[in-house]
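A.B. asks: Provided below: structure17.csv, containing CSV, C-alpha atoms and all ligand atoms.
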```
chain,number,residue,atom,x,y,z
A,1,MET,CA,0.0,0.0,0.0
A,2,ASN,CA,1.4,3.5,-0.8
A,3,LEU,CA,2.0,5.9,2.0
A,4,GLY,CA,-1.0,8.2,1.2
A,5,LEU,CA,-3.4,5.3,1.2
A,6,ALA,CA,-1.9,3.8,4.4
A,7,LEU,CA,-2.4,7.2,6.1
A,8,ILE,CA,-6.0,7.5,5.0
A,9,ALA,CA,-6.7,4.0,6.1
A,10,SER,CA,-5.2,4.5,9.6
A,11,PRO,CA,-7.4,4.8,12.7
A,12,LYS,CA,-5.7,8.1,13.7
A,13,PHE,CA,-6.7,9.7,10.4
A,14,ALA,CA,-10.3,8.4,10.7
A,15,ALA,CA,-10.5,9.9,14.2
A,16,ILE,CA,-9.2,13.3,12.9
A,17,VAL,CA,-11.7,13.3,10.1
A,18,ASP,CA,-14.5,12.3,12.5
A,19,VAL,CA,-13.7,15.2,14.8
A,20,MET,CA,-13.5,17.6,11.8
A,21,GLN,CA,-16.9,16.5,10.5
A,22,LYS,CA,-18.5,16.8,13.9
A,23,HIS,CA,-17.4,20.4,14.1
A,24,MET,CA,-18.1,21.5,10.5
A,25,ASN,CA,-20.7,24.1,11.7
A,26,SER,CA,-19.0,24.9,15.0
A,27,THR,CA,-18.1,28.5,15.9
A,28,VAL,CA,-15.2,29.8,18.0
A,29,LEU,CA,-14.6,33.3,19.3
A,30,ILE,CA,-11.0,34.0,20.2
A,31,THR,CA,-9.6,37.1,21.9
A,32,GLY,CA,-6.2,38.7,21.1
A,33,CYS,CA,-5.9,37.5,17.5
A,34,SER,CA,-3.6,40.2,16.2
A,35,SER,CA,-0.5,38.1,16.9
A,36,GLY,CA,1.0,35.0,18.6
A,37,PHE,CA,-1.2,32.2,20.0
A,38,GLY,CA,-4.5,33.9,19.1
A,39,LYS,CA,-3.5,34.4,15.5
A,40,ALA,CA,-2.2,30.8,15.2
A,41,SER,CA,-5.3,29.4,16.9
A,42,ALA,CA,-7.7,31.4,14.6
A,43,ALA,CA,-5.8,30.1,11.5
A,44,LEU,CA,-5.9,26.5,12.8
A,45,PHE,CA,-9.6,26.5,13.5
A,46,LEU,CA,-10.3,28.0,10.0
A,47,THR,CA,-8.2,25.2,8.5
A,48,ARG,CA,-10.2,22.6,10.4
A,49,GLY,CA,-13.5,23.9,9.0
A,50,TRP,CA,-14.8,26.0,11.9
A,51,ASN,CA,-16.5,29.4,11.7
A,52,VAL,CA,-14.1,31.8,13.4
A,53,ILE,CA,-14.7,35.1,15.1
A,54,ALA,CA,-11.2,36.5,15.3
A,55,THR,CA,-11.3,39.5,17.7
A,56,MET,CA,-8.6,42.1,18.4
A,57,ARG,CA,-8.3,45.6,19.7
A,58,SER,CA,-7.7,47.1,16.3
A,59,PRO,CA,-9.0,44.8,13.5
A,60,LYS,CA,-6.4,44.0,10.9
A,61,PRO,CA,-8.2,42.0,8.1
A,62,GLU,CA,-4.8,41.6,6.2
A,63,LEU,CA,-3.7,39.1,8.9
A,64,PHE,CA,-6.0,36.3,7.5
A,65,GLU,CA,-7.1,35.0,4.1
A,66,VAL,CA,-10.6,36.1,3.2
A,67,SER,CA,-13.2,33.4,4.1
A,68,ASP,CA,-17.0,33.4,4.5
A,69,ARG,CA,-16.3,31.5,7.7
A,70,LEU,CA,-14.3,34.3,9.2
A,71,LEU,CA,-15.5,37.4,11.0
A,72,ILE,CA,-12.9,39.9,12.2
A,73,THR,CA,-14.2,42.3,14.8
A,74,SER,CA,-12.9,44.5,17.5
A,75,LEU,CA,-12.8,43.4,21.2
A,76,ASP,CA,-10.9,45.0,24.0
A,77,VAL,CA,-11.2,42.7,27.1
A,78,THR,CA,-11.0,45.8,29.4
A,79,ASN,CA,-14.2,47.2,27.7
A,80,PRO,CA,-17.3,45.2,28.6
A,81,LYS,CA,-19.4,46.7,25.8
A,82,SER,CA,-16.9,45.7,23.2
A,83,ILE,CA,-17.1,42.1,24.5
A,84,SER,CA,-20.9,42.0,24.4
A,85,ASP,CA,-20.9,43.7,20.9
A,86,ALA,CA,-18.4,41.2,19.5
A,87,ILE,CA,-20.5,38.3,20.9
A,88,ALA,CA,-23.7,39.7,19.5
A,89,LYS,CA,-22.1,40.2,16.0
A,90,GLY,CA,-20.7,36.6,16.1
A,91,ILE,CA,-24.2,35.2,17.0
A,92,GLU,CA,-25.8,37.3,14.3
A,93,ARG,CA,-23.4,36.1,11.7
A,94,PHE,CA,-23.1,32.4,12.6
A,95,GLY,CA,-26.2,31.7,14.7
A,96,LYS,CA,-24.3,30.5,17.8
A,97,ILE,CA,-20.9,30.5,19.6
A,98,ASP,CA,-19.7,27.0,20.7
A,99,VAL,CA,-16.3,27.9,22.1
A,100,LEU,CA,-14.9,31.0,23.7
A,101,VAL,CA,-11.1,31.2,23.9
A,102,ASN,CA,-9.9,33.8,26.3
A,103,ASN,CA,-6.4,34.2,24.9
A,104,ALA,CA,-5.6,38.0,25.2
A,105,GLY,CA,-3.0,38.8,27.8
A,106,ILE,CA,-0.1,41.0,28.7
A,107,GLY,CA,3.2,40.2,30.5
A,108,LEU,CA,5.3,41.8,33.2
A,109,PHE,CA,8.8,41.1,34.3
A,110,GLY,CA,10.4,42.8,37.3
A,111,ALA,CA,10.8,43.0,41.0
A,112,HIS,CA,7.5,43.2,42.8
A,113,GLU,CA,9.0,45.6,45.3
A,114,VAL,CA,9.2,48.4,42.8
A,115,THR,CA,6.2,47.6,40.6
A,116,PRO,CA,3.7,50.5,40.8
A,117,ASP,CA,0.1,49.7,41.9
A,118,GLU,CA,-1.1,51.1,38.6
A,119,THR,CA,1.0,48.5,36.6
A,120,ILE,CA,-0.2,45.7,38.8
A,121,ARG,CA,-3.8,46.7,38.3
A,122,GLN,CA,-3.2,47.1,34.5
A,123,VAL,CA,-2.1,43.4,34.3
A,124,PHE,CA,-5.0,42.2,36.4
A,125,GLU,CA,-7.5,44.3,34.3
A,126,THR,CA,-6.4,42.4,31.2
A,127,ASN,CA,-5.3,38.9,32.4
A,128,THR,CA,-7.8,38.4,35.2
A,129,PHE,CA,-10.8,40.8,35.1
A,130,GLY,CA,-10.9,40.8,31.3
A,131,VAL,CA,-11.3,37.0,31.3
A,132,MET,CA,-14.0,37.1,34.0
A,133,THR,CA,-16.0,39.7,32.1
A,134,ALA,CA,-15.8,37.7,28.8
A,135,ASN,CA,-16.8,34.6,30.7
A,136,ARG,CA,-19.8,36.3,32.2
A,137,ALA,CA,-20.9,37.7,28.8
A,138,ILE,CA,-20.9,34.3,27.1
A,139,VAL,CA,-22.4,32.1,29.8
A,140,PRO,CA,-26.1,32.9,29.3
A,141,HIS,CA,-25.8,32.0,25.6
A,142,MET,CA,-24.1,28.7,26.4
A,143,ARG,CA,-26.2,27.9,29.5
A,144,GLU,CA,-29.5,28.4,27.6
A,145,ARG,CA,-28.3,26.1,24.7
A,146,GLY,CA,-27.0,23.5,27.3
A,147,SER,CA,-23.6,23.3,25.5
A,148,GLY,CA,-20.4,25.2,24.9
A,149,THR,CA,-16.8,25.3,26.0
A,150,ILE,CA,-14.8,28.2,27.6
A,151,ILE,CA,-11.0,27.9,27.2
A,152,ASN,CA,-8.9,30.2,29.4
A,153,VAL,CA,-5.3,30.6,28.3
A,154,THR,CA,-3.1,30.9,31.4
A,155,SER,CA,0.6,30.0,31.4
A,156,SER,CA,3.1,27.4,32.6
A,157,ALA,CA,3.5,30.0,35.4
A,158,GLY,CA,0.1,28.5,36.5
A,159,ILE,CA,2.0,25.2,37.0
A,160,ALA,CA,5.4,26.5,38.1
A,161,PRO,CA,5.8,30.1,39.1
A,162,MET,CA,9.2,31.6,38.2
A,163,PRO,CA,11.0,34.5,39.8
A,164,MET,CA,10.5,38.1,38.8
A,165,VAL,CA,7.0,37.4,37.4
A,166,ALA,CA,5.0,37.4,40.7
A,167,VAL,CA,2.3,39.8,39.5
A,168,TYR,CA,1.9,38.1,36.1
A,169,THR,CA,1.8,34.7,37.9
A,170,ALA,CA,-0.8,36.0,40.4
A,171,SER,CA,-3.0,37.2,37.5
A,172,LYS,CA,-2.9,33.8,35.8
A,173,TYR,CA,-3.2,31.7,39.1
A,174,ALA,CA,-6.4,33.6,39.8
A,175,ILE,CA,-7.7,32.3,36.5
A,176,GLU,CA,-6.6,28.8,37.2
A,177,GLY,CA,-8.7,28.8,40.4
A,178,PHE,CA,-11.5,30.7,38.8
A,179,SER,CA,-11.7,28.2,35.9
A,180,GLU,CA,-11.5,25.1,38.2
A,181,SER,CA,-14.4,26.4,40.3
A,182,LEU,CA,-16.4,27.4,37.2
A,183,ALA,CA,-15.9,24.0,35.6
A,184,TYR,CA,-18.1,22.4,38.3
A,185,GLU,CA,-20.7,25.2,38.4
A,186,LEU,CA,-21.2,25.4,34.6
A,187,GLY,CA,-20.7,21.6,34.1
A,188,THR,CA,-24.2,21.1,35.6
A,189,PHE,CA,-25.5,23.1,32.5
A,190,GLY,CA,-23.5,21.1,29.9
A,191,VAL,CA,-20.9,23.9,29.6
A,192,ARG,CA,-17.3,22.9,29.8
A,193,VAL,CA,-14.5,25.1,31.2
A,194,LYS,CA,-10.8,24.3,30.3
A,195,ILE,CA,-7.4,25.8,30.9
A,196,VAL,CA,-4.6,25.8,28.3
A,197,GLU,CA,-1.2,26.4,29.9
A,198,PRO,CA,1.4,27.5,27.4
A,199,GLY,CA,5.1,27.4,28.1
A,200,LEU,CA,7.7,30.1,27.2
A,201,ALA,CA,7.3,31.3,23.6
A,202,PRO,CA,9.9,33.9,22.6
A,203,SER,CA,8.6,33.8,19.0
A,204,THR,CA,5.4,35.7,19.8
A,205,SER,CA,5.0,39.5,20.3
A,206,PHE,CA,4.6,38.9,24.0
A,207,ALA,CA,8.0,40.3,25.2
A,208,ALA,CA,7.8,43.3,22.8
A,209,ASN,CA,4.2,44.0,23.8
A,210,SER,CA,5.2,43.9,27.5
A,211,GLY,CA,8.4,46.0,27.1
A,212,GLY,CA,7.3,49.5,28.1
A,213,ARG,CA,5.6,48.2,31.3
A,214,CYS,CA,8.8,46.6,32.5
A,215,ASP,CA,11.0,49.7,32.3
A,216,ASN,CA,12.9,50.4,35.6
A,217,LEU,CA,11.5,47.3,37.3
A,218,ILE,CA,14.9,45.8,38.0
A,219,PRO,CA,16.6,48.0,40.6
A,220,PRO,CA,20.3,47.7,41.4
A,221,ALA,CA,19.7,45.4,44.4
A,222,TYR,CA,18.1,42.8,42.0
A,223,ALA,CA,20.4,43.3,39.0
A,224,GLU,CA,22.8,40.5,39.7
A,225,TYR,CA,20.1,38.0,40.6
A,226,ALA,CA,18.0,38.9,37.5
A,227,GLY,CA,21.0,38.8,35.3
A,228,GLY,CA,21.9,35.3,36.6
A,229,TYR,CA,18.3,34.1,36.1
A,230,LEU,CA,18.2,35.4,32.5
A,231,LYS,CA,21.6,33.8,31.8
A,232,SER,CA,20.4,30.4,33.2
A,233,MET,CA,17.4,30.6,30.9
A,234,GLN,CA,19.9,30.4,27.9
A,235,ASP,CA,20.3,26.7,28.9
A,236,TYR,CA,16.6,26.1,28.6
A,237,PRO,CA,16.0,22.5,29.4
A,238,THR,CA,13.6,21.7,26.5
A,239,ALA,CA,12.4,23.2,23.2
A,240,TYR,CA,10.5,26.5,23.6
A,241,THR,CA,6.7,26.5,23.0
A,242,SER,CA,5.6,27.6,19.6
A,243,PRO,CA,2.3,29.3,18.6
A,244,GLU,CA,1.4,26.1,16.7
A,245,ASP,CA,1.8,24.0,19.9
A,246,VAL,CA,-0.7,26.3,21.7
A,247,ALA,CA,-3.1,26.4,18.7
A,248,GLU,CA,-3.1,22.5,18.7
A,249,ALA,CA,-3.7,22.4,22.5
A,250,VAL,CA,-6.6,24.9,22.2
A,251,TYR,CA,-8.1,22.9,19.4
A,252,THR,CA,-7.7,19.7,21.5
A,253,ALA,CA,-9.4,21.3,24.4
A,254,ALA,CA,-12.2,22.7,22.2
A,255,THR,CA,-13.0,19.2,20.8
A,256,ASP,CA,-12.4,17.1,24.0
A,257,GLU,CA,-15.7,16.1,25.3
A,258,SER,CA,-14.2,14.8,28.6
A,259,ASN,CA,-14.1,16.6,31.9
A,260,ARG,CA,-10.3,17.1,31.6
A,261,LEU,CA,-9.5,20.6,32.9
A,262,ARG,CA,-5.8,21.4,32.2
A,263,TYR,CA,-3.9,21.2,28.9
A,264,PRO,CA,-0.2,22.1,29.2
A,265,ALA,CA,1.0,23.3,25.8
A,266,GLY,CA,4.6,23.0,24.5
A,267,ALA,CA,7.4,20.7,25.6
A,268,ASP,CA,8.5,22.9,28.5
A,269,SER,CA,5.0,23.2,30.0
A,270,VAL,CA,4.5,19.5,29.7
A,271,MET,CA,7.8,18.9,31.4
A,272,LEU,CA,6.9,21.3,34.3
A,273,ALA,CA,3.5,19.7,34.7
A,274,GLU,CA,5.1,16.2,34.9
A,275,MET,CA,7.7,17.5,37.4
A,276,ARG,CA,5.0,19.1,39.6
A,277,LYS,CA,3.0,15.9,39.6
A,278,SER,CA,5.8,13.5,40.2
A,279,LEU,CA,8.1,15.2,42.6
A,280,PRO,CA,7.7,16.0,46.3
A,281,GLU,CA,7.2,19.7,46.7
A,282,LYS,CA,10.6,20.4,48.3
A,283,VAL,CA,12.4,18.6,45.5
A,284,PHE,CA,10.3,20.4,42.8
A,285,LEU,CA,11.0,23.8,44.4
A,286,ALA,CA,14.7,23.0,44.5
A,287,ARG,CA,14.7,22.1,40.8
A,288,VAL,CA,13.0,25.3,39.8
A,289,ARG,CA,15.4,27.3,42.1
A,290,ALA,CA,18.4,25.6,40.2
A,291,MET,CA,16.8,26.1,36.8
A,292,THR,CA,16.4,29.9,37.5
A,293,GLY,CA,20.0,30.4,38.6
A,294,GLY,CA,19.8,29.7,42.3
A,295,ASN,CA,21.3,26.8,44.4
A,296,GLN,CA,19.5,23.5,44.2
A,297,THR,CA,18.9,23.4,48.0
A,298,GLU,CA,15.9,21.7,49.5
B,1,LIG,P1,1.1,38.4,22.0
B,1,LIG,O1,1.7,38.0,20.7
B,1,LIG,O2,1.6,39.6,22.7
B,1,LIG,O3,-0.5,38.4,21.9
B,1,LIG,C1,-1.3,38.9,22.9
B,1,LIG,C2,-2.6,39.3,22.3
B,1,LIG,O4,-3.4,39.9,23.3
B,1,LIG,C3,-2.4,40.4,21.2
B,1,LIG,O5,-3.2,40.1,20.1
B,1,LIG,C4,-2.8,41.7,21.9
B,1,LIG,O6,-3.4,42.6,21.1
B,1,LIG,C5,-3.9,41.1,22.8
B,1,LIG,N1,-4.3,42.0,23.9
B,1,LIG,C6,-3.6,42.6,24.8
B,1,LIG,N2,-4.3,43.4,25.6
B,1,LIG,C7,-5.6,43.3,25.1
B,1,LIG,C8,-6.9,43.8,25.5
B,1,LIG,N3,-7.0,44.7,26.5
B,1,LIG,N4,-8.0,43.4,24.8
B,1,LIG,C9,-7.9,42.5,23.8
B,1,LIG,N5,-6.7,42.0,23.4
B,1,LIG,C10,-5.6,42.4,24.0
B,1,LIG,O7,1.4,37.2,23.1
B,1,LIG,P2,1.1,35.6,23.1
B,1,LIG,O8,2.5,35.0,23.5
B,1,LIG,O9,0.5,35.2,21.9
B,1,LIG,O10,0.2,35.5,24.4
B,1,LIG,C11,-1.1,35.1,24.3
B,1,LIG,C12,-1.5,34.6,25.7
B,1,LIG,O11,-0.7,33.5,26.1
B,1,LIG,C13,-1.5,35.6,26.8
B,1,LIG,O12,-2.6,35.4,27.6
B,1,LIG,C14,-0.2,35.3,27.5
B,1,LIG,O13,-0.3,35.7,28.9
B,1,LIG,C15,-0.1,33.8,27.4
B,1,LIG,N6,1.2,33.3,27.5
B,1,LIG,C16,2.2,33.7,26.7
B,1,LIG,C17,3.5,33.1,26.9
B,1,LIG,C18,4.7,33.5,26.1
B,1,LIG,O14,5.8,33.2,26.5
B,1,LIG,N7,4.6,34.2,24.9
B,1,LIG,C19,3.7,32.0,27.8
B,1,LIG,C20,2.6,31.6,28.5
B,1,LIG,C21,1.4,32.2,28.4
B,1,LIG,P3,-2.8,44.0,20.7
B,1,LIG,O15,-2.1,43.8,19.4
B,1,LIG,O16,-4.0,44.9,20.6
B,1,LIG,O17,-1.9,44.4,21.8
```
For the file at hand, write its structure as structure tokens.
C.D. replies:
Amino acid sequence: MNLGLALIASPKFAAIVDVMQKHMNSTVLITGCSSGFGKASAALFLTRGWNVIATMRSPKPELFEVSDRLLITSLDVTNPKSISDAIAKGIERFGKIDVLVNNAGIGLFGAHEVTPDETIRQVFETNTFGVMTANRAIVPHMRERGSGTIINVTSSAGIAPMPMVAVYTASKYAIEGFSESLAYELGTFGVRVKIVEPGLAPSTSFAANSGGRCDNLIPPAYAEYAGGYLKSMQDYPTAYTSPEDVAEAVYTAATDESNRLRYPAGADSVMLAEMRKSLPEKVFLARVRAMTGGNQTE
């Protein structure tokens, strides 16, 4: 049998086709599609036959090929009206929304001691309160239909907090707990809640988009430690996470009908999840301390 025929005849291929056929008329709304994980996820769902509502603060139609299954519309997660408007437009165009992906987020690197309150609140406004507002806006639609999936994109920081990102980690940890609680509450109505936890992805616009917020957040007292930490990250223990890894994890979460809650995305995130699960806490903490430039003391 030639390779093409063997592939088509394989049970794995049949399973992929089955999932694709099942979701031919499904619709996903994704936040933060102007770059990185959101853009890659929107492109993947389009390839797999879904209707896609690709939202972003400033719509850029040139980012995607024209498709009658694609609606590009504005949505700023810190503006509740823009969230409800985008949901209403999506329902008007496609009749329903099956999956909401809360992907939009911003980063912050620096010593907590010198991080202004205003910056901390800015991170929480987007990463935490923005997600909560979008969740609340979509729930009536999904609850009344008795189906739907909400996917909240957190971070491997939600598995293993790293130094110098305490505020960012707190904003994502809040969503880890929020999502776990909500998964029980909405599960009773047939609505699933899932968490995708991407690892470190230097190839997205995340660092550049976070840049200005991080100015002057490494004071002299922290400079040596922060420098050592950043140097130790050059010996990164696995491959970095790619936008495609995250898009695949989001797609898997969207089409997984089980009650599984967490989906680490990318080799580094999977590694951290396995370490967290398999190691006693003091050993795990010592490993992370060593990975980030400290001594491996327990
Ligand atoms: P990215 O390339 O910077 O993309 C972030 C997206 O969020 C952009 O489209 C940005 O849009 C959007 N956004 C920011 N503030 C927004 C707001 N108020 N309303 C709506 N959209 C907003 O970064 P990424 O790496 O793809 O990150 C996506 C998600 O993954 C974030 O939640 C991030 O925390 C998480 N994550 C990233 C990494 C990483 O290492 N890259 C690792 C773990 C988790 P604009 O163009 O309008 O700014």
A.B. asks: If you take all atoms listed in the file and a cut-off of 10 Å, which residues of stretch 148-197 of chain A touch stretch 16-36 of chain A, and what are their nearest atom pairs and distances in Å to one decimal, in chain and number order, as a Markdown table?
C.D. replies:
```
| residue | atom | partner | partner_atom | distance |
| --- | --- | --- | --- | --- |
| A:Gly148 | CA | A:Val28 | CA | 9.8 |
| A:Thr149 | CA | A:Val28 | CA | 9.3 |
| A:Ile150 | CA | A:Val28 | CA | 9.7 |
| A:Ile151 | CA | A:Ile30 | CA | 9.3 |
```
A.B. asks: At a cut-off of 6 Å around ligand LIG 1 (chain B), and using all atoms listed in the file, what residues come up? Please write them as a PyMOL selection string.
C.D. replies: chain A and resi 31-38+56-57+75-78+103-107+126+153-156+198-202+204-206+209
A.B. asks: Could you work out how far atom CA of A:Tyr236 lies from atom CA of A:Pro264, giving the answer in Å with one decimal?
C.D. replies: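 Result for atom CA of A:Pro264 versus atom CA of A:Tyr236: 17.3 Å, one decimal.
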A.B. asks: Using all atoms listed in the file, can you list as a short mmCIF file (atom, residue, chain, number, x, y, z; two decimals) with C-alpha atoms, in the frame of the given file the residues within 12 Å of (-10.3, 18.3, 33.1)?
C.D. replies:
```cif
data_model
loop_
_atom_site.label_atom_id
_atom_site.label_comp_id
_atom_site.auth_asym_id
_atom_site.auth_seq_id
_atom_site.Cartn_x
_atom_site.Cartn_y
_atom_site.Cartn_z
CA THR A 149 -16.80 25.30 26.00
CA ILE A 151 -11.00 27.90 27.20
CA GLU A 176 -6.60 28.80 37.20
CA SER A 179 -11.70 28.20 35.90
CA GLU A 180 -11.50 25.10 38.20
CA SER A 181 -14.40 26.40 40.30
CA LEU A 182 -16.40 27.40 37.20
CA ALA A 183 -15.90 24.00 35.60
CA TYR A 184 -18.10 22.40 38.30
CA GLY A 187 -20.70 21.60 34.10
CA ARG A 192 -17.30 22.90 29.80
CA VAL A 193 -14.50 25.10 31.20
CA LYS A 194 -10.80 24.30 30.30
CA ILE A 195 -7.40 25.80 30.90
CA VAL A 196 -4.60 25.80 28.30
CA THR A 252 -7.70 19.70 21.50
CA ALA A 253 -9.40 21.30 24.40
CA ALA A 254 -12.20 22.70 22.20
CA ASP A 256 -12.40 17.10 24.00
CA GLU A 257 -15.70 16.10 25.30
CA SER A 258 -14.20 14.80 28.60
CA ASN A 259 -14.10 16.60 31.90
CA ARG A 260 -10.30 17.10 31.60
CA LEU A 261 -9.50 20.60 32.90
CA ARG A 262 -5.80 21.40 32.20
CA TYR A 263 -3.90 21.20 28.90
CA PRO A 264 -0.20 22.10 29.20
#
```
A.B. asks: In terms of the shortest atom-to-atom distance over all atoms listed in the file, which of A:Arg121, A:Met162, A:Ser58, A:Ile138 is closest to A:Ala88?
C.D. replies: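 Going through A:Arg121, A:Met162, A:Ser58, A:Ile138 one by one, the smallest distance to A:Ala88 is for A:Ile138.
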A.B. asks: Considering only C-alpha atoms, state which residue in the set A:Ser84, A:Asn127, A:Asn51, A:Ser10 is at the smallest distance from A:Arg69.
C.D. replies: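 Looking only at the distances to A:Arg69, the closest residue turns out to be A:Asn51.
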A.B. asks: Mind pulling up the distance from atom CA of A:Tyr229 to atom CA of A:Asp215?
C.D. replies: 17.6 Å
A.B. asks: Need to verify the contact set: A:Ala290, 12 Å, all atoms listed in the file, exclusion of same-chain residues closer than 6 positions in sequence. Can you return it as a ChimeraX atom specification?
C.D. replies: /A:162-163,228-229,232-233,235-237,283-284,296-298
A.B. asks: Under the rule that all atoms listed in the file are counted, which of A:Ala157, A:Ala208, A:Ala174, A:Ala221 is the nearest residue to A:Leu272?
C.D. replies: A:Ala157
A.B. asks: Give me the residues within 8 Å of A:Arg143 as a PyMOL selection string, counting all atoms listed in the file and dropping any in the same chain fewer than 2 places off.
C.D. replies: chain A and resi 139-141+145-148+186+189-191
A.B. asks: Taking all atoms listed in the file into account, which of A:Leu46, A:Lys39, A:Ala111, A:Val270 comes nearest A:Lys60?
C.D. replies: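 Using all atoms listed in the file, the shortest distance to A:Lys60 belongs to A:Lys39.
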A.B. asks: Generate the coordinates of all heavy atoms for stretch 159-165 of chain A; report them as a PDB file, keeping the file's coordinate frame.
C.D. replies:
```
ATOM      1  N   ILE A 159       1.527  26.541  36.536  1.00  0.00           N
ATOM      2  CA  ILE A 159       2.000  25.200  37.000  1.00  0.00           C
ATOM      3  C   ILE A 159       3.184  25.437  37.928  1.00  0.00           C
ATOM      4  O   ILE A 159       3.265  24.879  39.011  1.00  0.00           O
ATOM      5  CB  ILE A 159       2.419  24.343  35.820  1.00  0.00           C
ATOM      6  CG1 ILE A 159       1.275  24.147  34.826  1.00  0.00           C
ATOM      7  CG2 ILE A 159       2.957  23.006  36.308  1.00  0.00           C
ATOM      8  CD1 ILE A 159       1.726  23.571  33.483  1.00  0.00           C
ATOM      9  N   ALA A 160       4.126  26.254  37.437  1.00  0.00           N
ATOM     10  CA  ALA A 160       5.400  26.500  38.100  1.00  0.00           C
ATOM     11  C   ALA A 160       5.736  27.958  38.100  1.00  0.00           C
ATOM     12  O   ALA A 160       6.307  28.426  37.111  1.00  0.00           O
ATOM     13  CB  ALA A 160       6.491  25.660  37.464  1.00  0.00           C
ATOM     14  N   PRO A 161       5.383  28.705  39.129  1.00  0.00           N
ATOM     15  CA  PRO A 161       5.800  30.100  39.100  1.00  0.00           C
ATOM     16  C   PRO A 161       7.266  30.289  39.077  1.00  0.00           C
ATOM     17  O   PRO A 161       8.001  29.528  39.703  1.00  0.00           O
ATOM     18  CB  PRO A 161       5.219  30.617  40.489  1.00  0.00           C
ATOM     19  CG  PRO A 161       4.151  29.644  40.863  1.00  0.00           C
ATOM     20  CD  PRO A 161       4.611  28.323  40.312  1.00  0.00           C
ATOM     21  N   MET A 162       7.727  31.249  38.284  1.00  0.00           N
ATOM     22  CA  MET A 162       9.200  31.600  38.200  1.00  0.00           C
ATOM     23  C   MET A 162       9.415  32.894  38.874  1.00  0.00           C
ATOM     24  O   MET A 162       8.487  33.670  39.096  1.00  0.00           O
ATOM     25  CB  MET A 162       9.544  31.670  36.677  1.00  0.00           C
ATOM     26  CG  MET A 162       9.344  30.379  35.897  1.00  0.00           C
ATOM     27  SD  MET A 162      10.597  29.144  36.299  1.00  0.00           S
ATOM     28  CE  MET A 162       9.803  27.618  35.790  1.00  0.00           C
ATOM     29  N   PRO A 163      10.689  33.181  39.177  1.00  0.00           N
ATOM     30  CA  PRO A 163      11.000  34.500  39.800  1.00  0.00           C
ATOM     31  C   PRO A 163      10.760  35.648  38.895  1.00  0.00           C
ATOM     32  O   PRO A 163      10.763  35.474  37.675  1.00  0.00           O
ATOM     33  CB  PRO A 163      12.454  34.345  40.217  1.00  0.00           C
ATOM     34  CG  PRO A 163      13.003  33.215  39.448  1.00  0.00           C
ATOM     35  CD  PRO A 163      11.895  32.337  39.022  1.00  0.00           C
ATOM     36  N   MET A 164      10.591  36.822  39.470  1.00  0.00           N
ATOM     37  CA  MET A 164      10.500  38.100  38.800  1.00  0.00           C
ATOM     38  C   MET A 164       9.201  38.270  37.962  1.00  0.00           C
ATOM     39  O   MET A 164       9.059  39.213  37.205  1.00  0.00           O
ATOM     40  CB  MET A 164      11.702  38.348  37.833  1.00  0.00           C
ATOM     41  CG  MET A 164      13.077  38.154  38.474  1.00  0.00           C
ATOM     42  SD  MET A 164      13.406  39.284  39.846  1.00  0.00           S
ATOM     43  CE  MET A 164      13.734  40.801  39.004  1.00  0.00           C
ATOM     44  N   VAL A 165       8.283  37.317  38.089  1.00  0.00           N
ATOM     45  CA  VAL A 165       7.000  37.400  37.400  1.00  0.00           C
ATOM     46  C   VAL A 165       5.855  37.220  38.385  1.00  0.00           C
ATOM     47  O   VAL A 165       4.834  36.608  38.051  1.00  0.00           O
ATOM     48  CB  VAL A 165       6.888  36.487  36.166  1.00  0.00           C
ATOM     49  CG1 VAL A 165       7.733  36.973  35.009  1.00  0.00           C
ATOM     50  CG2 VAL A 165       7.256  35.056  36.532  1.00  0.00           C
TER      51      VAL A 165
END
```
